[in-house]
Amino acid sequence: MTASSFEQPPSAAFAAKAASGHFSDGTELPGRWHAFPEHAAAGLWSTPTDLAKLLVELADVWQGLSSIFLRRQTLEEMLTPQNGGPYGLGAAIAGEGASLVLMKRGQNVGYQGYLILYPASGQGLVVMTNSDNGSKLAEALIKRAASAYGWPELPPLAD
């Protein structure tokens with residue numbers, strides 16, 4: 001993930017490529033974006049390509065094709081709902097077997113995004129938008145991809 005960083009604010013090189021965030025009324029965020037001190041919750045600057053690379057690697061680990069940075073046992077723990085809720089370690093989880101799906105919404109002032117992965121098939125999608133209204137687009141794209149690729153029925157998209 002060479003185009004991702006927790007650097008706050010982002011480097012000049014990254015900032016030059018970054019899309020400005022927008023409020024729901026379409027106005028640009030003052031200063032183009034907001035930098036948050038909470039690195040784990042709001043500090044990752046990334047690209048759809050880098051996030052897709054992560055999903056591909058997770059699917060490869062799940063399918064036994066790779067163990068470069070993660071063991072299958074660790075990924076199984078990550079994809080196991082915790083304390084009876086809908087979340088594994090870091091993302092929402094639903095289904096089992098071929099229907100097991102990892103879902104993660106990314107939301108910050110001026111930006112909305114979503115990633116989804118079916119690890120058994122290796123199919124997924126990353127959507128990133130630079131608007132507070134972006135969840136509507138992300139959900140529509142995910143539902144369309146699910147229909148086009150014959151994904152198992154999606155549960156309500158969780159945060």
# chains A, B, ... in the order shown; residues from 1 in each chain; ligands from 1
$ select_by_dssp --residues "chain A" --states "helix (DSSP H, G or I)" --output "MDAnalysis selection string"
chainID A and resid 12:17 39:42 48:62 72:78 97:99 134:149
$ residues_around --residues "stretch 19-21 of chain A" --least-positions-apart "3" --cutoff "6 Å" --atoms "only C-alpha atoms" --output "PyMOL selection string"
chain A and resi 28-29+32-33+110-111+130-131
$ select_by_dssp --residues "stretch 63-132 of chain A" --states "strand (DSSP E)" --output "ChimeraX atom specification"
/A:92-94,101-108,111-118,123-129
$ closest_residue --among "A:Leu100, A:Thr80, A:Arg71, A:Gly122" --to "A:Leu55" --atoms "only C-alpha atoms"
A:Gly122
$ residues_around --residues "A:Val127" --least-positions-apart "2" --cutoff "7 Å" --atoms "only C-alpha atoms" --output "ChimeraX atom specification"
/A:48,113-115,125,129,138
$ atom_distance --atom1 "atom CA of A:Gln107" --atom2 "atom CA of A:Asp132"
8.1 Å
$ residues_around --residues "A:Phe36" --least-positions-apart "4" --cutoff "8 Å" --atoms "only C-alpha atoms" --output "ChimeraX atom specification"
/A:8,42-43
$ residues_around --residues "A:Ala52" --least-positions-apart "2" --cutoff "10 Å" --atoms "only C-alpha atoms" --output "ChimeraX atom specification"
/A:1,47-50,54-58,115-117,124-127
$ residues_around --residues "A:Met78" --least-positions-apart "2" --cutoff "9 Å" --atoms "only C-alpha atoms" --output "list in words"
Gln73, Thr74, Leu75, Glu76, Thr80, Pro81, Gln82, Tyr87, Gly88, Leu89, Gly90 and Ala91 of chain A
$ atom_distance --atom1 "atom CA of A:Glu153" --atom2 "atom CA of A:Val61"
23.4 Å
$ atom_distance --atom1 "atom CA of A:Lys143" --atom2 "atom CA of A:Glu96"
19.3 Å
$ residues_around --residues "A:Pro152" --least-positions-apart "6" --cutoff "12 Å" --atoms "only C-alpha atoms" --output "PyMOL selection string"
chain A and resi 94-101+117-118+120-121+123-124+143+145-146
$ closest_residue --among "A:Ser147, A:Gly134, A:Leu70, A:Leu157" --to "A:Gly26" --atoms "only C-alpha atoms"
A:Gly134
